[in-house]
>>> print(open('structure_35.cif').read())   # mmCIF, C-alpha atoms
data_upload
loop_
_atom_site.label_atom_id
_atom_site.label_comp_id
_atom_site.auth_asym_id
_atom_site.auth_seq_id
_atom_site.Cartn_x
_atom_site.Cartn_y
_atom_site.Cartn_z
CA MET O 1 102.93 146.41 88.37
CA LYS O 2 102.69 144.35 85.19
CA ALA O 3 99.36 143.97 83.39
CA ALA O 4 98.14 142.43 80.13
CA VAL O 5 96.24 145.19 78.36
CA VAL O 6 93.79 145.23 75.46
CA ARG O 7 94.86 148.29 73.49
CA ALA O 8 92.56 147.69 70.50
CA PHE O 9 90.03 145.02 69.63
CA GLY O 10 91.45 142.05 67.77
CA GLU O 11 95.07 142.99 68.41
CA PRO O 12 97.47 141.05 70.67
CA LEU O 13 97.39 142.04 74.32
CA VAL O 14 100.36 144.10 75.48
CA ILE O 15 102.24 143.38 78.70
CA GLU O 16 102.98 146.77 80.20
CA GLU O 17 103.98 148.47 83.42
CA ARG O 18 101.27 150.39 85.23
CA PRO O 19 101.19 152.17 88.57
CA ASP O 20 99.63 150.29 91.47
CA PRO O 21 95.91 151.20 91.64
CA GLU O 22 94.67 152.98 94.75
CA PRO O 23 91.44 151.71 96.32
CA GLY O 24 88.61 154.18 96.68
CA PRO O 25 85.90 154.10 99.36
CA GLY O 26 84.45 150.59 99.65
CA GLN O 27 87.24 149.04 97.58
CA VAL O 28 90.29 146.90 98.27
CA ARG O 29 93.51 146.37 96.38
CA VAL O 30 94.28 142.73 95.71
CA ARG O 31 97.73 141.30 95.00
CA VAL O 32 96.75 138.75 92.37
CA GLU O 33 98.06 135.21 92.82
CA ALA O 34 96.15 133.49 90.02
CA SER O 35 93.79 134.46 87.22
CA GLY O 36 91.82 132.06 85.04
CA LEU O 37 91.38 132.42 81.29
CA CYS O 38 87.69 132.35 80.36
CA HIS O 39 86.35 132.43 76.80
CA THR O 40 84.56 135.63 77.79
CA ASP O 41 87.98 137.29 78.11
CA ILE O 42 88.62 136.47 74.46
CA HIS O 43 85.24 137.89 73.44
CA ALA O 44 86.14 141.03 75.40
CA ALA O 45 89.54 141.34 73.74
CA HIS O 46 87.98 140.92 70.29
CA GLY O 47 85.00 143.21 70.92
CA ASP O 48 82.68 140.41 69.83
CA TRP O 49 79.51 141.35 71.66
CA PRO O 50 76.98 144.16 71.08
CA VAL O 51 77.88 145.85 74.39
CA LYS O 52 81.64 146.37 74.20
CA PRO O 53 84.28 147.31 76.76
CA ASN O 54 86.33 150.46 76.23
CA PRO O 55 90.03 149.96 75.41
CA PRO O 56 92.50 150.22 76.93
CA PHE O 57 91.44 147.77 79.64
CA VAL O 58 92.72 144.76 81.55
CA PRO O 59 90.60 141.60 81.08
CA GLY O 60 90.10 138.77 83.56
CA HIS O 61 87.26 137.92 85.93
CA GLU O 62 88.69 134.90 87.72
CA GLY O 63 91.24 136.80 89.76
CA VAL O 64 92.23 135.41 93.16
CA GLY O 65 94.72 136.95 95.54
CA LEU O 66 95.51 138.54 98.86
CA VAL O 67 94.00 141.79 100.09
CA GLU O 68 96.85 144.28 100.17
CA LYS O 69 95.17 147.58 101.01
CA LEU O 70 91.76 148.63 102.32
CA GLY O 71 89.78 151.61 101.08
CA ASP O 72 87.79 153.84 103.40
CA GLY O 73 84.84 152.13 105.06
CA VAL O 74 85.96 148.55 104.50
CA THR O 75 85.72 146.67 107.79
CA HIS O 76 84.70 143.10 106.91
CA LEU O 77 87.89 142.19 105.03
CA SER O 78 91.43 142.28 106.34
CA VAL O 79 94.88 142.73 104.86
CA GLY O 80 96.33 139.35 103.94
CA GLN O 81 92.93 137.69 103.44
CA ARG O 82 92.49 135.65 100.24
CA VAL O 83 89.56 136.73 98.08
CA ALA O 84 88.19 135.98 94.63
CA VAL O 85 87.05 138.74 92.29
CA PRO O 86 84.27 137.44 90.00
CA TRP O 87 82.52 138.71 86.87
CA LEU O 88 79.94 140.50 89.00
CA GLY O 89 82.24 143.24 90.19
CA LYS O 90 79.47 145.37 91.63
CA ALA O 91 75.69 145.66 91.62
CA CYS O 92 73.50 148.50 92.84
CA GLY O 93 71.91 146.58 95.74
CA ARG O 94 68.67 148.56 95.46
CA CYS O 95 66.82 147.44 92.32
CA GLU O 96 64.17 144.70 92.24
CA HIS O 97 66.71 142.20 90.89
CA CYS O 98 69.20 142.81 93.67
CA LEU O 99 66.53 142.76 96.35
CA SER O 100 64.99 139.51 95.08
CA GLY O 101 68.22 137.53 94.96
CA TRP O 102 68.96 138.10 91.27
CA GLU O 103 71.79 140.60 91.53
CA THR O 104 73.30 139.12 88.35
CA LEU O 105 70.44 140.79 86.42
CA CYS O 106 71.07 144.26 87.90
CA GLU O 107 71.08 146.83 85.10
CA GLN O 108 73.62 148.97 86.96
CA GLN O 109 76.16 146.18 87.44
CA ILE O 110 79.86 146.61 86.65
CA ASN O 111 81.62 143.55 85.29
CA THR O 112 85.21 142.74 86.19
CA GLY O 113 87.58 142.75 83.24
CA TYR O 114 84.91 144.35 81.06
CA GLY O 115 83.50 147.47 82.69
CA CYS O 116 86.55 147.86 84.93
CA ASP O 117 90.08 146.48 84.92
CA GLY O 118 90.35 142.82 85.80
CA GLY O 119 92.72 140.12 86.97
CA TYR O 120 95.29 139.89 84.17
CA ALA O 121 97.57 141.98 86.34
CA GLU O 122 99.80 141.70 89.36
CA LYS O 123 97.40 143.93 91.30
CA MET O 124 93.76 144.87 90.87
CA LEU O 125 90.95 146.72 92.57
CA ALA O 126 87.74 145.11 93.80
CA TRP O 127 84.59 146.35 95.48
CA ALA O 128 84.89 144.84 98.93
CA ASP O 129 81.25 143.76 99.15
CA PHE O 130 81.68 141.60 96.03
CA ALA O 131 85.15 140.23 96.78
CA GLN O 132 84.41 136.66 97.87
CA PRO O 133 86.49 135.26 100.74
CA VAL O 134 88.20 131.99 99.76
CA PRO O 135 87.97 129.31 102.47
CA ASP O 136 91.13 127.87 103.99
CA GLY O 137 92.36 124.81 102.17
CA ILE O 138 91.52 126.07 98.67
CA SER O 139 94.56 127.25 96.73
CA ALA O 140 94.43 130.36 94.58
CA LEU O 141 95.05 128.22 91.48
CA GLU O 142 92.00 126.06 92.21
CA ALA O 143 89.83 128.96 93.33
CA ALA O 144 90.36 130.91 90.10
CA PRO O 145 88.33 128.61 87.78
CA LEU O 146 85.65 128.17 90.44
CA THR O 147 85.19 131.95 90.46
CA CYS O 148 83.53 131.88 87.02
CA ALA O 149 83.51 128.43 85.42
CA GLY O 150 82.34 126.89 88.68
CA VAL O 151 79.73 129.37 89.78
CA THR O 152 78.34 129.77 86.24
CA THR O 153 77.61 126.07 85.76
CA TYR O 154 76.46 125.63 89.35
CA LYS O 155 73.91 128.41 88.79
CA ALA O 156 72.82 126.94 85.46
CA LEU O 157 71.92 123.68 87.18
CA LYS O 158 69.95 125.64 89.79
CA VAL O 159 68.11 127.46 87.01
CA ALA O 160 67.33 124.08 85.41
CA GLU O 161 65.94 122.88 88.77
CA VAL O 162 67.80 119.59 88.39
CA ARG O 163 66.61 116.81 90.70
CA PRO O 164 67.89 113.33 91.51
CA SER O 165 67.34 110.67 88.82
CA GLN O 166 66.88 113.22 86.03
CA LEU O 167 68.92 113.08 82.82
CA VAL O 168 71.12 116.15 82.36
CA ALA O 169 73.00 116.79 79.13
CA VAL O 170 76.21 118.83 79.38
CA SER O 171 77.08 120.15 75.93
CA GLY O 172 80.76 121.07 75.84
CA VAL O 173 83.22 119.53 78.28
CA GLY O 174 85.96 122.04 78.97
CA GLY O 175 86.68 124.71 81.54
CA LEU O 176 82.98 124.99 82.42
CA GLY O 177 81.72 121.60 81.33
CA HIS O 178 84.05 119.51 83.48
CA LEU O 179 82.63 121.28 86.52
CA ALA O 180 79.04 121.07 85.25
CA VAL O 181 79.37 117.28 85.07
CA GLN O 182 80.41 117.20 88.71
CA TYR O 183 77.66 119.52 89.94
CA ALA O 184 75.04 117.47 88.08
CA LYS O 185 76.36 114.30 89.73
CA ILE O 186 76.26 116.00 93.14
CA ALA O 187 72.59 116.81 92.42
CA GLY O 188 71.96 113.11 91.82
CA ALA O 189 71.40 113.32 88.08
CA THR O 190 72.32 110.91 85.32
CA VAL O 191 74.78 112.86 83.16
CA ALA O 192 75.27 112.76 79.40
CA ALA O 193 78.44 114.60 78.36
CA ILE O 194 78.78 115.83 74.78
CA ASP O 195 81.93 116.99 73.00
CA VAL O 196 84.02 116.60 69.85
CA SER O 197 87.30 115.77 71.62
CA ASP O 198 88.35 112.27 72.67
CA GLU O 199 90.38 113.74 75.52
CA LYS O 200 87.46 115.75 76.88
CA LEU O 201 85.04 112.85 76.61
CA ARG O 202 87.48 110.68 78.55
CA LEU O 203 87.74 113.42 81.17
CA ALA O 204 83.95 113.57 81.47
CA ALA O 205 83.80 109.81 82.04
CA GLU O 206 86.53 110.05 84.68
CA LEU O 207 84.49 112.72 86.47
CA GLY O 208 81.36 110.61 86.57
CA ALA O 209 79.49 111.10 83.29
CA ASP O 210 77.19 108.12 82.71
CA ILE O 211 76.85 108.63 78.95
CA VAL O 212 79.40 110.18 76.59
CA ILE O 213 78.33 111.38 73.15
CA ASP O 214 80.81 112.20 70.39
CA ALA O 215 79.08 114.91 68.37
CA ARG O 216 81.43 114.24 65.43
CA LYS O 217 80.06 110.74 64.95
CA GLU O 218 76.67 110.60 66.63
CA ASP O 219 73.35 112.42 66.33
CA VAL O 220 73.23 114.12 69.74
CA GLY O 221 69.46 114.57 69.83
CA ALA O 222 68.78 110.99 68.74
CA VAL O 223 71.11 109.50 71.35
CA LEU O 224 69.52 111.57 74.11
CA GLN O 225 66.05 110.52 72.98
CA GLN O 226 67.14 106.88 73.09
CA HIS O 227 67.70 107.46 76.81
CA GLY O 228 64.28 109.05 77.22
CA GLY O 229 65.32 112.62 76.46
CA ALA O 230 67.07 115.12 78.69
CA HIS O 231 65.22 116.82 81.51
CA ALA O 232 67.77 119.61 81.19
CA ALA O 233 70.51 120.48 78.72
CA ILE O 234 73.28 122.85 79.80
CA ALA O 235 74.61 124.48 76.61
CA LEU O 236 78.29 125.35 77.13
CA ALA O 237 79.78 124.77 73.67
CA VAL O 238 80.47 128.05 71.87
CA ASN O 239 78.78 126.81 68.70
CA GLU O 240 75.29 127.54 67.40
CA ALA O 241 74.84 124.05 65.95
CA ALA O 242 75.56 122.54 69.37
CA PHE O 243 72.66 124.51 70.88
CA ALA O 244 70.25 123.21 68.25
CA SER O 245 71.38 119.60 68.50
CA VAL O 246 71.10 119.39 72.27
CA ASN O 247 67.73 121.18 72.16
CA SER O 248 66.46 118.39 69.90
CA GLY O 249 67.37 115.91 72.63
CA LEU O 250 65.03 117.33 75.27
CA ARG O 251 62.16 115.25 76.59
CA ARG O 252 58.67 116.70 77.00
CA GLY O 253 58.89 119.48 79.58
CA GLY O 254 62.68 119.63 79.25
CA LYS O 255 64.73 122.80 79.61
CA LEU O 256 67.51 124.13 77.42
CA VAL O 257 69.71 126.38 79.59
CA MET O 258 71.86 128.62 77.42
CA VAL O 259 75.18 129.64 78.98
CA ALA O 260 77.81 129.93 76.22
CA LEU O 261 77.79 133.15 74.20
CA PRO O 262 78.84 132.68 70.57
CA ALA O 263 79.50 136.02 68.88
CA HIS O 264 76.26 137.10 67.17
CA GLY O 265 74.82 133.65 67.93
CA THR O 266 71.20 132.76 67.22
CA ILE O 267 69.21 129.54 67.17
CA GLN O 268 65.88 128.67 65.61
CA VAL O 269 63.31 127.46 68.10
CA PRO O 270 60.59 125.33 66.46
CA ILE O 271 57.36 126.84 67.75
CA PHE O 272 55.10 123.85 67.10
CA ASP O 273 57.38 121.34 68.86
CA THR O 274 58.15 123.74 71.71
CA VAL O 275 54.48 124.38 72.43
CA LEU O 276 53.25 120.80 72.07
CA ARG O 277 56.14 119.31 73.99
CA GLY O 278 56.19 122.03 76.67
CA THR O 279 59.92 122.63 76.45
CA SER O 280 61.69 125.80 77.68
CA VAL O 281 64.64 127.86 76.53
CA ILE O 282 66.26 129.77 79.39
CA GLY O 283 69.30 132.03 79.70
CA SER O 284 71.57 131.74 82.73
CA ILE O 285 74.25 134.31 83.51
CA VAL O 286 77.01 133.56 86.06
CA GLY O 287 75.91 133.36 89.71
CA THR O 288 75.40 135.44 92.82
CA ARG O 289 77.73 135.92 95.77
CA GLN O 290 75.81 133.23 97.64
CA ASP O 291 76.18 130.83 94.71
CA LEU O 292 79.94 131.38 94.72
CA ALA O 293 80.11 130.84 98.49
CA GLU O 294 78.34 127.48 97.98
CA VAL O 295 80.73 126.53 95.16
CA PHE O 296 83.68 127.18 97.46
CA GLN O 297 82.02 125.20 100.26
CA LEU O 298 81.58 122.17 97.99
CA HIS O 299 85.19 122.33 96.89
CA ALA O 300 86.50 122.77 100.42
CA ALA O 301 84.52 119.65 101.36
CA GLY O 302 86.30 117.66 98.64
CA ARG O 303 83.21 117.28 96.43
CA THR O 304 84.73 118.71 93.23
CA ARG O 305 87.98 118.58 91.26
CA VAL O 306 89.33 121.50 89.24
CA ILE O 307 91.25 120.47 86.13
CA TYR O 308 93.64 123.19 85.05
CA GLU O 309 97.10 123.93 83.71
CA THR O 310 99.23 126.87 84.81
CA ARG O 311 100.97 129.33 82.53
CA SER O 312 102.67 132.68 82.93
CA LEU O 313 100.84 135.87 82.06
CA ALA O 314 103.43 136.43 79.32
CA THR O 315 101.75 133.61 77.35
CA VAL O 316 98.36 135.36 77.30
CA ASN O 317 98.11 135.70 73.52
CA GLU O 318 99.15 132.16 72.64
CA SER O 319 96.96 130.87 75.46
CA MET O 320 93.93 132.59 73.95
CA GLU O 321 94.76 131.02 70.59
CA ASP O 322 94.95 127.60 72.22
CA VAL O 323 91.48 128.09 73.70
CA LEU O 324 90.09 129.09 70.32
CA ARG O 325 91.64 125.99 68.74
CA GLY O 326 90.03 123.79 71.39
CA SER O 327 93.41 122.37 72.40
CA VAL O 328 93.05 123.12 76.12
CA LYS O 329 91.80 120.19 78.21
CA ALA O 330 89.90 122.29 80.72
CA ARG O 331 91.10 125.61 82.17
CA ILE O 332 94.23 127.72 81.81
CA VAL O 333 95.21 129.61 84.97
CA PHE O 334 97.82 132.33 84.86
CA ASP O 335 100.14 131.93 87.84
CA LEU O 336 101.08 135.37 89.14
CA GLY O 337 102.64 134.16 92.35
CA ALA O 338 100.44 131.38 93.70
CA GLY O 339 102.97 128.76 92.64
CA LYS O 340 105.81 130.39 94.54
#
>>> encode(input="structure_35.cif", output="structure tokens")
Amino acid sequence: MKAAVVRAFGEPLVIEERPDPEPGPGQVRVRVEASGLCHTDIHAAHGDWPVKPNPPFVPGHEGVGLVEKLGDGVTHLSVGQRVAVPWLGKACGRCEHCLSGWETLCEQQINTGYGCDGGYAEKMLAWADFAQPVPDGISALEAAPLTCAGVTTYKALKVAEVRPSQLVAVSGVGGLGHLAVQYAKIAGATVAAIDVSDEKLRLAAELGADIVIDARKEDVGAVLQQHGGAHAAIALAVNEAAFASVNSGLRRGGKLVMVALPAHGTIQVPIFDTVLRGTSVIGSIVGTRQDLAEVFQLHAAGRTRVIYETRSLATVNESMEDVLRGSVKARIVFDLGAGK
């Protein structure tokens, strides 16, 4: 099988031939049809974060494909079934986080494309209990971005406890942000979309954003305060200044939900204003298996649109550069057979 491999941090990925992986007990082998390109994959390839993967490895945590082979003990999946393999590749299932519905906080978790090989390959392994069945009617190409970009923003809005009539700011309209806008509208919120790209601001408006803010020309915090301040701000732009500006636009009692992960990123939180105004700063990391099931249900019901462009896996290095330049409208999905 062909796979795109990180041989060393910061170097171009190498397309190489590898033997087909064999599933162990509780695992399945998936013939990958589509795999989305997430900014996290670039951080992984560059070794940006304090906890680093171990090269050589195959990135990718938005892999979608057909179950090809079952490992011992797997009875709830079948050969030929379409599944998605998300960032949460495996959790222990026994700790307090797993048992209380917060498996994404499990300290024993293994992350797809980071702690084990991921979806930038023609075939991959997945732990069967965490391979999410994809409902009929959802193509592999659409399911791929939902597997991370979708479930991550959906969970962030849950963490923010968004309610109808509230003002929600979505900072960064791209692969994640275009879905965040839609989930906020489904929740009944008024949505303010923030970006530095005319194309992405137009996209946000097309998807239902009520307010669009061009951070190149406008003071984000001031504009949000003119509308009463945001009840919640979902921080998706990989830029420290964007976190600070949207935080300044919160109303009293508002919540800044941090999702994007700039390398070595920090923000200053003004203690006096935070205490007196009762605002919160919260981290939100991906979503659970149940969250992903709900994301798929919404899409199958026609409630969301996935904006993406397809490319071949051979373009992986230039595609990553395009993401870093901000020249991608929403999501890149590598087509490994779904378009055939």
>>> atom_distance(input="structure_35.cif", atom1="atom CA of Asp335 of chain O", atom2="atom CA of Gly119 of chain O")
11.1 Å
>>> closest_atom_pairs(input="structure_35.cif", of="segment 137-199 of chain O", to="segment 206-216 of chain O", cutoff="12 Å", atoms="all atoms listed in the file", output="CSV")
residue,atom,partner,partner_atom,distance
O:Ser165,CA,O:Asp210,CA,11.9
O:Gln166,CA,O:Asp210,CA,12.0
O:Leu167,CA,O:Asp210,CA,9.6
O:Val168,CA,O:Ala209,CA,9.8
O:Ala169,CA,O:Ile211,CA,9.0
O:Val170,CA,O:Ala209,CA,9.3
O:Ser171,CA,O:Ile213,CA,9.3
O:Gly172,CA,O:Ala215,CA,9.8
O:Val173,CA,O:Val212,CA,10.2
O:Gly177,CA,O:Leu207,CA,10.6
O:His178,CA,O:Leu207,CA,7.4
O:Leu179,CA,O:Leu207,CA,8.8
O:Ala180,CA,O:Leu207,CA,10.0
O:Val181,CA,O:Ala209,CA,6.4
O:Gln182,CA,O:Leu207,CA,6.5
O:Tyr183,CA,O:Gly208,CA,10.2
O:Ala184,CA,O:Ala209,CA,9.1
O:Lys185,CA,O:Gly208,CA,7.0
O:Ile186,CA,O:Gly208,CA,9.9
O:Gly188,CA,O:Gly208,CA,11.1
O:Ala189,CA,O:Asp210,CA,9.5
O:Thr190,CA,O:Asp210,CA,6.2
O:Val191,CA,O:Ala209,CA,5.0
O:Ala192,CA,O:Ile211,CA,4.4
O:Ala193,CA,O:Val212,CA,4.9
O:Ile194,CA,O:Ile213,CA,4.8
O:Asp195,CA,O:Asp214,CA,5.6
O:Val196,CA,O:Ala215,CA,5.4
O:Ser197,CA,O:Asp214,CA,7.5
O:Asp198,CA,O:Asp214,CA,7.9
O:Glu199,CA,O:Glu206,CA,10.6
>>> closest_residue(input="structure_35.cif", among="O:Leu70, O:Val306, O:Phe130, O:Glu218", to="Gly93 of chain O", atoms="all atoms listed in the file")
O:Phe130
>>> atom_distance(input="structure_35.cif", atom1="atom CA of Gly253 of chain O", atom2="atom CA of Ile234 of chain O")
14.8 Å
>>> residues_around(input="structure_35.cif", residues="Ala232 of chain O", least_positions_apart="3", cutoff="6 Å", atoms="only C-alpha atoms", output="list in words")
Val168, Gly254, Lys255 and Leu256 of chain O
>>> resolve_selection(input="structure_35.cif", expression="the PyMOL selection byres ((chain O and resi 114) around 7)", output="MDAnalysis selection string")
chainID O and resid 44 53 59 111:113 115:117
>>> axis_aligned_box(input="structure_35.cif", around="segment 130-147 of chain O", padding_each_side="6 Å", output="lines of an AutoDock Vina configuration file")
center_x = 88.4
center_y = 133.2
center_z = 95.9
size_x = 25.4
size_y = 28.8
size_z = 28.2
>>> atom_distance(input="structure_35.cif", atom1="atom CA of Ala293 of chain O", atom2="atom CA of Thr153 of chain O")
13.8 Å
>>> resolve_selection(input="structure_35.cif", expression="the PyMOL selection byres ((chain O and resi 241) around 12)", output="list in words")
Ser171, Gly172, Ala215, Arg216, Asp219, Val220, Gly221, Ala235, Leu236, Ala237, Val238, Asn239, Glu240, Ala242, Phe243, Ala244, Ser245, Val246, Asn247, Ser248, Pro262, Gly265, Thr266, Ile267 and Gln268 of chain O
>>> resolve_selection(input="structure_35.cif", expression="the PyMOL selection byres ((chain O and resi 226-228) around 10)", output="JSON, numbers by chain")
{"O": [167, 192, 211, 221, 222, 223, 224, 225, 229, 230, 231, 249, 250, 251, 252]}
>>> residues_near_point(input="structure_35.cif", point="(90.1, 138.4, 84.7)", cutoff="8 Å", atoms="all atoms listed in the file", output="list of chain:residue names")
O:Ser35, O:Gly36, O:Leu37, O:Cys38, O:Asp41, O:Val58, O:Pro59, O:Gly60, O:His61, O:Glu62, O:Gly63, O:Pro86, O:Trp87, O:Thr112, O:Gly113, O:Gly118, O:Gly119, O:Tyr120
>>> residues_near_point(input="structure_35.cif", point="(69.9, 119.4, 90.6)", cutoff="7 Å", atoms="all atoms listed in the file", output="PyMOL selection string")
chain O and resi 157-158+161-164+184+187-189
>>> closest_residue(input="structure_35.cif", among="O:Gly283, O:Gly89, O:Gly73, O:Pro145", to="Val159 of chain O", atoms="all atoms listed in the file")
O:Gly283
>>> closest_residue(input="structure_35.cif", among="O:Asp322, O:Glu309, O:Glu22, O:Asp129", to="Lys69 of chain O", atoms="only C-alpha atoms")
O:Glu22
>>> closest_residue(input="structure_35.cif", among="O:Glu294, O:Leu176, O:Trp102, O:Gln132", to="His39 of chain O", atoms="all atoms listed in the file")
O:Leu176
>>> closest_residue(input="structure_35.cif", among="O:Thr315, O:Arg277, O:Gly150, O:Gly337", to="Gln297 of chain O", atoms="only C-alpha atoms")
O:Gly150
>>> closest_residue(input="structure_35.cif", among="O:Leu298, O:Ala8, O:Val85, O:Val269", to="Trp127 of chain O", atoms="all atoms listed in the file")
O:Val85
>>> residues_around(input="structure_35.cif", residues="Ser139 of chain O", least_positions_apart="6", cutoff="10 Å", atoms="only C-alpha atoms", output="compact mmCIF listing (two decimals) with C-alpha atoms, in the frame of the given file")
# COMPACT_ATOMS: atom_id res chain seq x y z
CA GLU O 33 98.06 135.21 92.82
CA ALA O 34 96.15 133.49 90.02
CA VAL O 64 92.23 135.41 93.16
CA GLY O 65 94.72 136.95 95.54
CA ARG O 82 92.49 135.65 100.24
CA ALA O 300 86.50 122.77 100.42
CA ALA O 338 100.44 131.38 93.70
CA GLY O 339 102.97 128.76 92.64
